[in-house]
Amino acid sequence: MKIITKNEQETKMIAKKLAALLKPSMTVLLEGQLGAGKTTFTKGVAEGLGIKRIIKSPTYTLIKEYTDGDLPLYHMDLYRLEDAEDEDLGLEEYFFGEGVTIVEWGSFMKEELPAEHLLIEINVLNDSEQRELIFKAHGKKYTEIVERLENE
């Protein structure tokens, strides 16, 4: 499924709709160039989950936990792990925990990620405000989520 958004607000609105469909132990992977809007998308999910705290990219901390919403949100940024050796980071505790996990740059640690997940590619279009969001479901529960988003 592809969605074109005109600005950050529309991108966050799509993310909020997605948040309403997410359940514990679900994983969303966000891919896109630097500045494409991965953290903006995460802010929309956080709003949809009722999280009031300011969402910042966890580039230097690797993982940020937000537990003040309807579901905990675990926000990961694996960009700095591009050249990392195989390490056991304990990521599965988040992936199969009580919250929703959003992973930016998951392609850098593919072997650590759950096989079932929702991949969202975010591309900057000609107009620097426009974004193309490409949803790719991996697994039945994620396919159902994409179908529900398509039908809204």
# chains A, B, ... in the order shown; residues from 1 in each chain; ligands from 1

$ residues_around --residues "Leu21 of chain A" --least-positions-apart "4" --cutoff "12 Å" --atoms "only C-alpha atoms" --output "CSV table (one decimal) with N, CA and C atoms, in the first residue's frame"
chain,number,residue,atom,x,y,z
A,14,ILE,N,-1.6,9.7,9.6
A,14,ILE,CA,-1.6,8.3,9.2
A,14,ILE,C,-1.0,7.5,10.3
A,15,ALA,N,0.1,8.0,11.0
A,15,ALA,CA,0.7,7.3,12.1
A,15,ALA,C,-0.3,7.1,13.2
A,16,LYS,N,-1.1,8.1,13.5
A,16,LYS,CA,-2.1,8.0,14.6
A,16,LYS,C,-3.1,6.9,14.3
A,17,LYS,N,-3.5,6.8,13.0
A,17,LYS,CA,-4.5,5.8,12.6
A,17,LYS,C,-3.8,4.4,12.8
A,26,MET,N,3.9,-5.9,18.9
A,26,MET,CA,4.0,-5.6,17.5
A,26,MET,C,5.2,-4.8,17.2
A,28,VAL,N,7.1,-2.3,14.2
A,28,VAL,CA,7.1,-1.5,13.0
A,28,VAL,C,8.5,-1.0,12.7
A,45,VAL,N,2.6,8.1,16.0
A,45,VAL,CA,2.2,6.8,16.7
A,45,VAL,C,2.1,7.1,18.2
A,48,GLY,N,-1.0,8.8,19.0
A,48,GLY,CA,-2.1,7.9,18.9
A,48,GLY,C,-2.2,6.9,20.1
A,49,LEU,N,-1.1,6.7,20.7
A,49,LEU,CA,-1.1,5.8,21.9
A,49,LEU,C,-1.3,6.6,23.2
A,71,LEU,N,-0.3,2.0,25.6
A,71,LEU,CA,0.6,0.9,25.5
A,71,LEU,C,2.0,1.5,25.6
A,100,VAL,N,4.6,-1.7,22.0
A,100,VAL,CA,4.8,-1.6,20.6
A,100,VAL,C,6.3,-1.1,20.4
A,118,LEU,N,5.8,-5.0,10.4
A,118,LEU,CA,5.3,-4.0,9.4
A,118,LEU,C,6.4,-3.1,9.0
A,141,LYS,N,-1.1,-10.8,10.9
A,141,LYS,CA,-1.7,-9.7,11.7
A,141,LYS,C,-1.3,-8.3,11.1
A,142,TYR,N,-0.1,-8.3,10.5
A,142,TYR,CA,0.3,-7.0,9.9
A,142,TYR,C,-0.4,-6.8,8.5
A,143,THR,N,-0.7,-7.9,7.8
A,143,THR,CA,-1.5,-7.8,6.6
A,143,THR,C,-2.9,-7.3,6.9
A,144,GLU,N,-3.5,-7.7,8.0
A,144,GLU,CA,-4.8,-7.3,8.4
A,144,GLU,C,-4.8,-5.8,8.8
A,145,ILE,N,-3.7,-5.3,9.4
A,145,ILE,CA,-3.6,-3.9,9.7
A,145,ILE,C,-3.5,-3.1,8.5
A,146,VAL,N,-2.7,-3.5,7.5
A,146,VAL,CA,-2.6,-2.7,6.2
A,146,VAL,C,-4.0,-2.7,5.5
A,147,GLU,N,-4.7,-3.8,5.5
A,147,GLU,CA,-6.0,-3.9,4.9
A,147,GLU,C,-7.0,-2.9,5.5
A,148,ARG,N,-6.9,-2.8,6.9
A,148,ARG,CA,-7.8,-1.9,7.6
A,148,ARG,C,-7.5,-0.5,7.3
A,149,LEU,N,-6.2,-0.2,7.2
A,149,LEU,CA,-5.8,1.2,6.8
A,149,LEU,C,-6.2,1.6,5.4
A,152,GLU,N,-9.9,2.6,5.2
A,152,GLU,CA,-10.4,3.8,6.0
A,152,GLU,C,-10.5,5.0,5.1

$ atom_distance --atom1 "atom CA of Lys12 of chain A" --atom2 "atom CA of Asn151 of chain A"
18.2 Å

$ select_by_dssp --residues "segment 30-90 of chain A" --states "strand (DSSP E)" --output "PDB file with N, CA and C atoms, in the first residue's frame"
ATOM      1  N   LEU A  30      10.889   1.339  10.328  1.00  0.00           N
ATOM      2  CA  LEU A  30      10.837   2.538   9.504  1.00  0.00           C
ATOM      3  C   LEU A  30      12.164   2.673   8.757  1.00  0.00           C
ATOM      4  N   GLU A  31      12.080   2.781   7.454  1.00  0.00           N
ATOM      5  CA  GLU A  31      13.268   2.952   6.620  1.00  0.00           C
ATOM      6  C   GLU A  31      13.085   4.199   5.769  1.00  0.00           C
ATOM      7  N   ILE A  63      17.827   3.149  22.390  1.00  0.00           N
ATOM      8  CA  ILE A  63      16.427   2.829  22.703  1.00  0.00           C
ATOM      9  C   ILE A  63      15.875   3.855  23.683  1.00  0.00           C
ATOM     10  N   LYS A  64      14.668   4.333  23.392  1.00  0.00           N
ATOM     11  CA  LYS A  64      13.933   5.172  24.340  1.00  0.00           C
ATOM     12  C   LYS A  64      12.625   4.478  24.656  1.00  0.00           C
ATOM     13  N   GLU A  65      12.269   4.491  25.912  1.00  0.00           N
ATOM     14  CA  GLU A  65      11.026   3.860  26.359  1.00  0.00           C
ATOM     15  C   GLU A  65      10.047   4.946  26.801  1.00  0.00           C
ATOM     16  N   TYR A  66       8.812   4.820  26.338  1.00  0.00           N
ATOM     17  CA  TYR A  66       7.739   5.732  26.718  1.00  0.00           C
ATOM     18  C   TYR A  66       6.613   4.866  27.284  1.00  0.00           C
ATOM     19  N   LEU A  73       5.676   2.305  24.435  1.00  0.00           N
ATOM     20  CA  LEU A  73       6.292   2.474  23.121  1.00  0.00           C
ATOM     21  C   LEU A  73       7.802   2.372  23.307  1.00  0.00           C
ATOM     22  N   TYR A  74       8.409   1.464  22.558  1.00  0.00           N
ATOM     23  CA  TYR A  74       9.854   1.306  22.565  1.00  0.00           C
ATOM     24  C   TYR A  74      10.354   1.812  21.213  1.00  0.00           C
ATOM     25  N   HIS A  75      11.122   2.881  21.249  1.00  0.00           N
ATOM     26  CA  HIS A  75      11.594   3.533  20.026  1.00  0.00           C
ATOM     27  C   HIS A  75      13.090   3.275  19.886  1.00  0.00           C
ATOM     28  N   MET A  76      13.474   2.564  18.830  1.00  0.00           N
ATOM     29  CA  MET A  76      14.874   2.210  18.601  1.00  0.00           C
ATOM     30  C   MET A  76      15.395   2.882  17.348  1.00  0.00           C
ATOM     31  N   ASP A  77      16.659   3.232  17.391  1.00  0.00           N
ATOM     32  CA  ASP A  77      17.348   3.751  16.217  1.00  0.00           C
ATOM     33  C   ASP A  77      18.642   2.957  16.093  1.00  0.00           C
TER      34      ASP A  77
END

$ closest_residue --among "A:Met1, A:Ile102, A:Leu29, A:Ala36" --to "Gln130 of chain A" --atoms "only C-alpha atoms"
A:Ala36

$ closest_atom_pairs --of "segment 13-118 of chain A" --to "segment 132-139 of chain A" --cutoff "9 Å" --atoms "only C-alpha atoms" --output "tab-separated table"
residue	atom	partner	partner_atom	distance
A:Ala115	CA	A:His138	CA	7.1
A:Glu116	CA	A:Gly139	CA	4.9
A:His117	CA	A:His138	CA	5.2
A:Leu118	CA	A:Ala137	CA	4.7

$ residues_around --residues "Asp70 of chain A" --least-positions-apart "5" --cutoff "10 Å" --atoms "only C-alpha atoms" --output "MDAnalysis selection string"
chainID A and resid 20 46 48:51 99

$ write_last_selection --atoms "N, CA and C atoms" --output "PDB file, in the first residue's frame"
ATOM      1  N   ALA A  20      -3.815   3.172  16.446  1.00  0.00           N
ATOM      2  CA  ALA A  20      -5.081   2.638  16.940  1.00  0.00           C
ATOM      3  C   ALA A  20      -5.238   1.148  16.644  1.00  0.00           C
ATOM      4  N   ALA A  46       3.088   7.804  18.729  1.00  0.00           N
ATOM      5  CA  ALA A  46       3.072   8.115  20.171  1.00  0.00           C
ATOM      6  C   ALA A  46       1.811   8.893  20.537  1.00  0.00           C
ATOM      7  N   GLY A  48      -1.005   8.832  18.993  1.00  0.00           N
ATOM      8  CA  GLY A  48      -2.116   7.892  18.880  1.00  0.00           C
ATOM      9  C   GLY A  48      -2.206   6.932  20.058  1.00  0.00           C
ATOM     10  N   LEU A  49      -1.078   6.678  20.707  1.00  0.00           N
ATOM     11  CA  LEU A  49      -1.057   5.810  21.890  1.00  0.00           C
ATOM     12  C   LEU A  49      -1.296   6.591  23.181  1.00  0.00           C
ATOM     13  N   GLY A  50      -1.493   7.895  23.055  1.00  0.00           N
ATOM     14  CA  GLY A  50      -1.760   8.717  24.232  1.00  0.00           C
ATOM     15  C   GLY A  50      -0.521   9.116  25.012  1.00  0.00           C
ATOM     16  N   ILE A  51       0.636   9.045  24.387  1.00  0.00           N
ATOM     17  CA  ILE A  51       1.886   9.415  25.050  1.00  0.00           C
ATOM     18  C   ILE A  51       2.046  10.929  24.980  1.00  0.00           C
ATOM     19  N   GLY A  99       4.749  -3.859  24.949  1.00  0.00           N
ATOM     20  CA  GLY A  99       4.497  -2.644  24.203  1.00  0.00           C
ATOM     21  C   GLY A  99       4.639  -2.828  22.703  1.00  0.00           C
TER      22      GLY A  99
END
